[in-house]
file coords-v9.csv (CSV, C-alpha atoms)
chain,number,residue,atom,x,y,z
A,93,MET,CA,-11.5,25.6,-3.0
A,94,SER,CA,-11.9,28.4,-0.6
A,95,GLU,CA,-13.3,28.0,2.9
A,96,ASP,CA,-16.4,30.0,2.1
A,97,VAL,CA,-17.3,27.7,-0.9
A,98,ALA,CA,-16.6,24.7,1.3
A,99,ARG,CA,-18.9,26.0,3.9
A,100,VAL,CA,-21.8,26.2,1.4
A,101,SER,CA,-21.1,23.0,-0.6
A,102,ALA,CA,-20.5,20.4,2.3
A,103,ARG,CA,-24.2,19.3,2.7
A,104,ARG,CA,-24.2,15.7,3.7
A,105,LEU,CA,-22.4,13.1,5.7
A,106,SER,CA,-22.3,9.4,5.4
A,107,TRP,CA,-20.6,7.1,7.9
A,108,SER,CA,-19.8,3.5,8.8
A,109,GLY,CA,-18.5,2.1,12.1
A,110,HIS,CA,-17.2,-1.3,13.2
A,111,THR,CA,-15.5,-2.8,16.2
A,112,ASP,CA,-13.9,-6.2,17.0
A,113,ARG,CA,-12.5,-7.5,20.3
A,114,GLY,CA,-9.6,-9.1,18.4
A,115,LYS,CA,-7.9,-12.4,18.8
A,116,VAL,CA,-6.6,-12.1,22.3
A,117,ARG,CA,-8.8,-10.0,24.7
A,118,ALA,CA,-11.8,-11.6,26.3
A,119,ASN,CA,-13.9,-8.4,26.2
A,120,ASN,CA,-14.0,-5.2,24.1
A,121,GLU,CA,-12.9,-2.1,25.9
A,122,ASP,CA,-13.5,0.1,22.8
A,123,SER,CA,-16.6,2.2,22.3
A,124,PHE,CA,-17.7,4.3,19.4
A,125,LEU,CA,-20.4,6.9,18.9
A,126,ALA,CA,-22.4,8.4,16.1
A,127,LEU,CA,-24.6,11.3,17.2
A,128,GLN,CA,-27.0,13.8,15.6
A,129,PHE,CA,-28.1,16.7,17.8
A,130,ASP,CA,-29.3,20.3,18.1
A,131,ALA,CA,-30.3,22.3,21.2
A,132,GLN,CA,-33.5,20.3,21.9
A,133,GLU,CA,-32.9,16.8,20.6
A,134,VAL,CA,-30.1,14.2,20.5
A,135,HIS,CA,-30.3,11.1,18.4
A,136,HIS,CA,-28.0,8.0,18.6
A,137,LEU,CA,-27.3,6.9,15.0
A,138,GLY,CA,-26.7,3.5,13.6
A,139,LYS,CA,-23.4,2.0,12.6
A,140,ILE,CA,-24.1,2.9,9.0
A,141,GLY,CA,-26.0,6.0,7.8
A,142,ASP,CA,-26.3,9.1,5.6
A,143,ALA,CA,-27.9,12.4,6.6
A,144,SER,CA,-28.0,16.1,5.8
A,145,ILE,CA,-25.9,18.4,7.9
A,146,GLU,CA,-27.9,21.6,7.3
A,147,HIS,CA,-30.2,21.4,10.3
A,148,TYR,CA,-28.3,19.3,12.8
A,149,ASP,CA,-24.7,19.0,14.1
A,150,PHE,CA,-23.0,15.5,14.2
A,151,ALA,CA,-20.5,14.0,16.5
A,152,PHE,CA,-18.4,10.9,16.0
A,153,ALA,CA,-16.1,9.5,18.6
A,154,VAL,CA,-13.9,6.5,19.4
A,155,SER,CA,-12.8,5.8,22.9
A,156,ASP,CA,-10.4,3.0,24.2
A,157,GLY,CA,-10.9,2.2,27.9
A,158,MET,CA,-8.3,0.9,30.3
A,159,GLY,CA,-8.5,-0.6,33.8
A,160,GLY,CA,-8.7,-3.8,35.6
A,161,ALA,CA,-11.5,-6.4,35.2
A,162,LYS,CA,-14.2,-4.7,33.1
A,163,ALA,CA,-13.3,-1.1,34.3
A,164,GLY,CA,-11.9,-0.2,30.9
A,165,GLU,CA,-15.1,-1.3,29.1
A,166,PHE,CA,-17.1,0.8,31.6
A,167,ALA,CA,-14.7,3.8,31.2
A,168,SER,CA,-15.2,4.0,27.4
A,169,ARG,CA,-18.9,3.7,27.9
A,170,VAL,CA,-18.9,6.6,30.4
A,171,VAL,CA,-17.0,8.7,27.8
A,172,VAL,CA,-19.6,8.3,25.0
A,173,GLU,CA,-22.5,8.8,27.5
A,174,GLN,CA,-21.0,12.1,28.7
A,175,ILE,CA,-20.6,13.3,25.1
A,176,THR,CA,-24.2,12.6,24.5
A,177,ARG,CA,-25.2,14.6,27.5
A,178,LEU,CA,-22.9,17.6,27.1
A,179,LEU,CA,-22.5,18.4,23.4
A,180,PRO,CA,-26.1,19.6,22.9
A,181,ARG,CA,-25.5,22.3,25.5
A,182,ALA,CA,-22.9,23.9,23.1
A,183,TYR,CA,-25.4,23.8,20.3
A,184,GLY,CA,-28.0,25.6,22.5
A,185,GLN,CA,-25.5,28.3,23.4
A,186,LYS,CA,-24.8,28.8,19.7
A,187,ALA,CA,-28.5,29.1,18.9
A,188,ILE,CA,-29.1,32.0,21.3
A,189,GLY,CA,-26.0,33.9,20.2
A,190,LEU,CA,-23.7,32.9,23.2
A,191,GLU,CA,-21.4,30.7,21.1
A,192,ALA,CA,-18.1,30.0,22.8
A,193,GLY,CA,-15.1,29.2,20.7
A,194,PHE,CA,-14.9,25.6,19.7
A,195,LYS,CA,-11.6,25.2,21.5
A,196,ASP,CA,-13.2,26.3,24.8
A,197,VAL,CA,-16.2,24.0,24.3
A,198,LEU,CA,-14.1,21.0,23.5
A,199,THR,CA,-11.6,21.7,26.3
A,200,GLU,CA,-14.4,21.9,28.8
A,201,LEU,CA,-16.1,18.8,27.4
A,202,PHE,CA,-12.9,16.8,27.9
A,203,ALA,CA,-12.5,18.2,31.4
A,204,GLU,CA,-16.1,17.2,32.3
A,205,ILE,CA,-15.5,13.7,31.1
A,206,HIS,CA,-12.3,13.5,33.0
A,207,ARG,CA,-14.0,14.6,36.2
A,208,ALA,CA,-16.7,12.0,35.7
A,209,LEU,CA,-14.1,9.2,35.4
A,210,MET,CA,-12.2,10.4,38.4
A,211,ARG,CA,-15.4,10.4,40.5
A,212,TYR,CA,-16.1,6.8,39.6
A,213,GLY,CA,-12.5,5.9,40.3
A,214,GLY,CA,-12.7,7.6,43.7
A,215,HIS,CA,-16.0,6.1,44.8
A,216,TYR,CA,-15.8,2.5,43.5
A,217,GLU,CA,-12.8,0.2,44.2
A,218,GLU,CA,-13.3,-1.8,41.0
A,219,CYS,CA,-13.0,1.5,39.0
A,220,ALA,CA,-9.9,2.8,40.7
A,221,GLY,CA,-7.4,4.0,38.1
A,222,MET,CA,-9.6,3.4,35.2
A,223,GLY,CA,-9.2,5.8,32.2
A,224,ALA,CA,-9.8,6.2,28.5
A,225,THR,CA,-8.6,7.7,25.3
A,226,LEU,CA,-10.9,9.9,23.2
A,227,SER,CA,-10.8,11.0,19.6
A,228,LEU,CA,-13.9,13.2,18.7
A,229,CYS,CA,-15.0,14.8,15.5
A,230,TRP,CA,-17.8,17.4,15.6
A,231,PHE,CA,-19.3,18.3,12.2
A,232,THR,CA,-21.1,21.5,11.5
A,233,PRO,CA,-21.8,22.9,7.9
A,234,GLY,CA,-18.4,23.4,6.3
A,235,TRP,CA,-16.3,22.6,9.4
A,236,MET,CA,-15.1,19.7,11.4
A,237,TYR,CA,-13.9,20.5,14.9
A,238,PHE,CA,-11.9,17.8,16.7
A,239,GLY,CA,-10.6,17.0,20.2
A,240,HIS,CA,-8.2,14.3,21.1
A,241,ILE,CA,-6.3,12.7,24.0
A,242,GLY,CA,-4.5,9.4,24.2
A,243,ASP,CA,-3.4,7.1,21.3
A,244,SER,CA,-6.6,6.6,19.4
A,245,ARG,CA,-6.3,8.5,16.1
A,246,ILE,CA,-8.0,10.9,13.7
A,247,TYR,CA,-7.0,10.7,10.1
A,248,TYR,CA,-8.0,13.0,7.2
A,249,VAL,CA,-8.0,12.3,3.5
A,250,PRO,CA,-8.7,15.6,1.7
A,251,ALA,CA,-10.4,15.4,-1.6
A,252,SER,CA,-7.9,17.9,-2.9
A,253,THR,CA,-4.8,15.7,-2.4
A,254,GLY,CA,-6.1,12.1,-1.7
A,255,GLU,CA,-3.2,11.7,0.8
A,256,LEU,CA,-3.5,10.4,4.3
A,257,ARG,CA,-2.9,13.0,7.1
A,258,GLN,CA,-2.9,12.2,10.8
A,259,LEU,CA,-4.7,15.1,12.6
A,260,SER,CA,-4.3,13.8,16.1
A,261,GLU,CA,-1.0,13.4,18.0
A,262,ASP,CA,-0.3,10.3,19.9
A,263,ASP,CA,0.1,11.1,23.6
A,264,THR,CA,3.1,8.8,24.1
A,265,HIS,CA,6.8,9.2,24.2
A,266,VAL,CA,7.1,7.1,21.1
A,267,GLY,CA,4.7,9.4,19.3
A,268,TRP,CA,6.8,12.4,20.3
A,269,LEU,CA,10.0,10.6,19.0
A,270,TYR,CA,8.2,9.9,15.7
A,271,ARG,CA,7.0,13.5,15.3
A,272,LYS,CA,10.5,14.7,15.9
A,273,GLY,CA,11.8,12.4,13.2
A,274,GLN,CA,14.0,10.4,15.6
A,275,ILE,CA,12.3,7.1,14.7
A,276,ASN,CA,10.4,6.0,11.6
A,277,GLU,CA,6.9,4.4,11.4
A,278,ARG,CA,8.2,0.8,11.6
A,279,GLU,CA,10.4,1.6,14.6
A,280,ALA,CA,7.5,3.4,16.3
A,281,ARG,CA,5.2,0.4,15.9
A,282,GLN,CA,7.8,-2.0,17.3
A,283,HIS,CA,8.9,0.2,20.2
A,284,PRO,CA,8.4,-1.5,23.6
A,285,ARG,CA,6.9,1.6,25.0
A,286,ARG,CA,4.5,2.4,22.2
A,287,THR,CA,1.4,1.8,24.3
A,288,SER,CA,2.6,3.7,27.4
A,289,LEU,CA,0.3,6.8,27.6
A,290,GLN,CA,1.4,10.2,28.9
A,291,LYS,CA,-2.1,11.6,28.7
A,292,ALA,CA,-5.5,10.1,29.1
A,293,LEU,CA,-8.9,10.9,30.6
A,294,GLY,CA,-9.1,9.6,34.2
A,295,ALA,CA,-6.4,7.1,35.0
A,296,GLY,CA,-5.2,9.2,37.9
A,297,HIS,CA,-4.1,12.2,35.8
A,298,GLN,CA,-4.5,15.5,37.6
A,299,PHE,CA,-4.9,17.7,34.6
A,300,VAL,CA,-6.4,17.3,31.1
A,301,GLU,CA,-4.9,19.0,28.1
A,302,PRO,CA,-6.6,17.8,25.0
A,303,GLN,CA,-5.4,18.6,21.5
A,304,VAL,CA,-8.1,20.6,19.7
A,305,GLY,CA,-8.3,21.8,16.1
A,306,ALA,CA,-10.5,22.5,13.1
A,307,VAL,CA,-10.6,21.5,9.4
A,308,GLY,CA,-12.7,23.1,6.7
A,309,CYS,CA,-14.7,20.4,4.9
A,310,GLU,CA,-15.2,19.9,1.2
A,311,PRO,CA,-17.2,17.3,-0.7
A,312,GLY,CA,-15.1,14.2,-1.2
A,313,ASP,CA,-13.2,14.6,2.1
A,314,ARG,CA,-12.9,11.4,4.2
A,315,PHE,CA,-12.2,11.1,7.9
A,316,LEU,CA,-11.2,8.0,9.9
A,317,LEU,CA,-11.3,7.7,13.7
A,318,CYS,CA,-9.7,4.5,15.1
A,319,SER,CA,-8.4,2.8,18.2
A,320,ASP,CA,-4.8,1.7,18.4
A,321,GLY,CA,-5.8,-1.9,17.4
A,322,VAL,CA,-6.1,-0.6,13.8
A,323,ILE,CA,-2.7,1.0,14.0
A,324,ASP,CA,-1.2,-2.1,15.4
A,325,GLY,CA,-2.4,-4.0,12.4
A,326,LEU,CA,-2.0,-1.6,9.5
A,327,PHE,CA,0.8,0.7,8.4
A,328,ASP,CA,-0.4,4.1,7.0
A,329,ALA,CA,0.2,3.1,3.4
A,330,ALA,CA,-2.1,0.0,3.8
A,331,LEU,CA,-4.6,2.1,5.6
A,332,LEU,CA,-4.7,4.7,2.8
A,333,GLU,CA,-5.1,1.9,0.2
A,334,LEU,CA,-8.2,0.6,2.1
A,335,LEU,CA,-9.7,4.0,2.4
A,336,ARG,CA,-9.2,4.6,-1.4
A,337,VAL,CA,-10.8,1.4,-2.6
A,338,PRO,CA,-14.3,1.9,-3.9
A,339,VAL,CA,-16.6,-0.5,-1.9
A,340,ALA,CA,-20.3,-0.9,-1.2
A,341,VAL,CA,-21.8,1.9,1.0
A,342,GLY,CA,-21.1,1.3,4.7
A,343,THR,CA,-18.4,-1.4,4.4
A,344,THR,CA,-15.2,0.7,4.6
A,345,ALA,CA,-14.9,0.7,8.4
A,346,GLN,CA,-15.6,-3.1,8.5
A,347,ASN,CA,-12.9,-3.6,5.8
A,348,VAL,CA,-10.4,-1.6,7.9
A,349,VAL,CA,-11.1,-3.5,11.1
A,350,THR,CA,-11.1,-6.9,9.4
A,351,ALA,CA,-7.7,-6.2,7.8
A,352,ALA,CA,-6.2,-4.9,11.0
A,353,VAL,CA,-7.4,-7.9,13.0
A,354,ALA,CA,-6.1,-10.3,10.4
A,355,ASN,CA,-2.7,-8.7,10.5
A,356,SER,CA,-2.5,-8.4,14.3
A,357,GLY,CA,-5.6,-8.8,16.5
A,358,ARG,CA,-3.6,-8.3,19.7
A,359,ASP,CA,-6.0,-5.5,20.8
A,360,ASN,CA,-9.6,-4.4,20.5
A,361,THR,CA,-10.0,-2.8,17.1
A,362,THR,CA,-12.4,-0.1,16.1
A,363,ALA,CA,-12.9,2.2,13.1
A,364,LEU,CA,-15.3,5.0,12.2
A,365,VAL,CA,-15.2,6.4,8.6
A,366,ILE,CA,-17.0,9.6,7.8
A,367,ASP,CA,-17.5,11.0,4.2
A,368,VAL,CA,-18.4,14.5,3.3
A,369,ALA,CA,-20.7,15.1,0.3
A,370,GLY,CA,-22.2,18.0,-1.6
A,371,ASP,CA,-25.8,18.4,-2.8

call {"tool": "encode", "arguments": {"input": "coords-v9.csv", "output": "structure tokens"}}
result
Amino acid sequence: MSEDVARVSARRLSWSGHTDRGKVRANNEDSFLALQFDAQEVHHLGKIGDASIEHYDFAFAVSDGMGGAKAGEFASRVVVEQITRLLPRAYGQKAIGLEAGFKDVLTELFAEIHRALMRYGGHYEECAGMGATLSLCWFTPGWMYFGHIGDSRIYYVPASTGELRQLSEDDTHVGWLYRKGQINEREARQHPRRTSLQKALGAGHQFVEPQVGAVGCEPGDRFLLCSDGVIDGLFDAALLELLRVPVAVGTTAQNVVTAAVANSGRDNTTALVIDVAGD
């Protein structure tokens, strides 16, 4: 299907989100966000929903916080609050004909969030060194723009192939080794440095260089955003199997999280599943 046809036919989104602190951690440092917005209004959405994409844009995000005490929990909350505040500005610019390229918008969004985390880290001792990952999907009619930093992930299952594709790149040395073909998926998951981040928001990093990209959406496409707790519990083949299984509306994300926690549960575990539909 051509991009022009996809632009016209992708009319609705449905989504489900779920999070679990896992079997080990005392608190949940993950946060997720489902947002509907235009230049004037912004609405937080529930964990499960369905809506037309013709008159509003939508944003979905997963953030995994890090830091001592409850600083990680606070960091991921700051991330989603900043997205809520900043993304409608981009819609307003688009509405009056001043649209910046999505790469510029998302790069600046990540930079603003990074600066906010660094301010908190500099002003409050309990927030020193706190940081967060961020995987963000921004849906407009026919398109999904994404931004990413850290080791949370964005997956894409196109209707045309039904295969699982990882859109985001893990910002770890282990992720780099895997992309270069020097280790396989099992070796990557067992590597002792698999959770050592090279990039994150805040966490003392001087510069932020998020990965940004775009995907043309067609009815039947499915997207998954998840924290690394999901990855720790599920290989890609098992993840795809869960995403392909027909289930009751709104239960896919919960099924992914439940399976990941059952297999591992060493970390907080969060999933957001977004489906694209036609008329």

call {"tool": "closest_residue", "arguments": {"input": "coords-v9.csv", "among": "A:Ile145, A:Ala340, A:Val154, A:Ala280", "to": "Thr361 (chain A)", "atoms": "all atoms listed in the file"}}
result
A:Val154

call {"tool": "residues_around", "arguments": {"input": "coords-v9.csv", "residues": "Asn360 (chain A)", "least_positions_apart": "3", "cutoff": "9 Å", "atoms": "all atoms listed in the file", "output": "compact mmCIF listing (two decimals) with C-alpha atoms, keeping the file's coordinate frame"}}
result
# COMPACT_ATOMS: atom_id res chain seq x y z
CA THR A 111 -15.50 -2.80 16.20
CA ASP A 112 -13.90 -6.20 17.00
CA ARG A 113 -12.50 -7.50 20.30
CA GLY A 114 -9.60 -9.10 18.40
CA LYS A 115 -7.90 -12.40 18.80
CA VAL A 116 -6.60 -12.10 22.30
CA ARG A 117 -8.80 -10.00 24.70
CA ASN A 119 -13.90 -8.40 26.20
CA ASN A 120 -14.00 -5.20 24.10
CA GLU A 121 -12.90 -2.10 25.90
CA ASP A 122 -13.50 0.10 22.80
CA ASP A 156 -10.40 3.00 24.20
CA SER A 319 -8.40 2.80 18.20
CA ASP A 320 -4.80 1.70 18.40
CA GLY A 321 -5.80 -1.90 17.40
CA VAL A 322 -6.10 -0.60 13.80
CA VAL A 353 -7.40 -7.90 13.00
CA GLY A 357 -5.60 -8.80 16.50

call {"tool": "atom_distance", "arguments": {"input": "coords-v9.csv", "atom1": "CA of Ala352 (chain A)", "atom2": "CA of Leu316 (chain A)"}}
result
13.9 Å

call {"tool": "residues_around", "arguments": {"input": "coords-v9.csv", "residues": "Ala329 (chain A)", "least_positions_apart": "6", "cutoff": "12 Å", "atoms": "only C-alpha atoms", "output": "list in words"}}
result
Glu255, Leu256, Arg257, Glu277, Arg278, Ile323, Leu335 and Arg336 of chain A

call {"tool": "closest_residue", "arguments": {"input": "coords-v9.csv", "among": "A:Phe150, A:Trp235, A:Trp107, A:Phe124", "to": "Arg169 (chain A)", "atoms": "only C-alpha atoms"}}
result
A:Phe124

call {"tool": "residues_near_point", "arguments": {"input": "coords-v9.csv", "point": "(-21.9, 9.5, 11.0)", "cutoff": "6 Å", "atoms": "all atoms listed in the file", "output": "PyMOL selection string"}}
result
chain A and resi 106-107+126+366

call {"tool": "residues_around", "arguments": {"input": "coords-v9.csv", "residues": "Thr343 (chain A)", "least_positions_apart": "6", "cutoff": "10 Å", "atoms": "all atoms listed in the file", "output": "ChimeraX atom specification"}}
result
/A:107-110,140,365

call {"tool": "closest_residue", "arguments": {"input": "coords-v9.csv", "among": "A:His283, A:Gly239, A:Pro338, A:Ser123", "to": "Lys139 (chain A)", "atoms": "only C-alpha atoms"}}
result
A:Ser123

call {"tool": "residues_around", "arguments": {"input": "coords-v9.csv", "residues": "Ser155 (chain A)", "least_positions_apart": "6", "cutoff": "12 Å", "atoms": "all atoms listed in the file", "output": "PyMOL selection string"}}
result
chain A and resi 111+120-125+164-175+205+223-229+239-246+292-293+317-321+360-364

call {"tool": "atom_distance", "arguments": {"input": "coords-v9.csv", "atom1": "CA of Leu269 (chain A)", "atom2": "CA of Val304 (chain A)"}}
result
20.7 Å

call {"tool": "closest_residue", "arguments": {"input": "coords-v9.csv", "among": "A:Tyr148, A:Phe194, A:Phe315, A:Tyr216", "to": "Thr232 (chain A)", "atoms": "all atoms listed in the file"}}
result
A:Tyr148

call {"tool": "atom_distance", "arguments": {"input": "coords-v9.csv", "atom1": "CA of Glu146 (chain A)", "atom2": "CA of Phe202 (chain A)"}}
result
25.9 Å

call {"tool": "residues_around", "arguments": {"input": "coords-v9.csv", "residues": "Leu201 (chain A)", "least_positions_apart": "5", "cutoff": "10 Å", "atoms": "all atoms listed in the file", "output": "ChimeraX atom specification"}}
result
/A:174-175,178-179,182,195-196,206-207,239,302

call {"tool": "closest_residue", "arguments": {"input": "coords-v9.csv", "among": "A:Val307, A:Val337, A:Phe327, A:Arg104", "to": "Glu279 (chain A)", "atoms": "all atoms listed in the file"}}
result
A:Phe327

call {"tool": "closest_residue", "arguments": {"input": "coords-v9.csv", "among": "A:Pro284, A:Gly159, A:Gly213, A:Pro233", "to": "Glu310 (chain A)", "atoms": "all atoms listed in the file"}}
result
A:Pro233
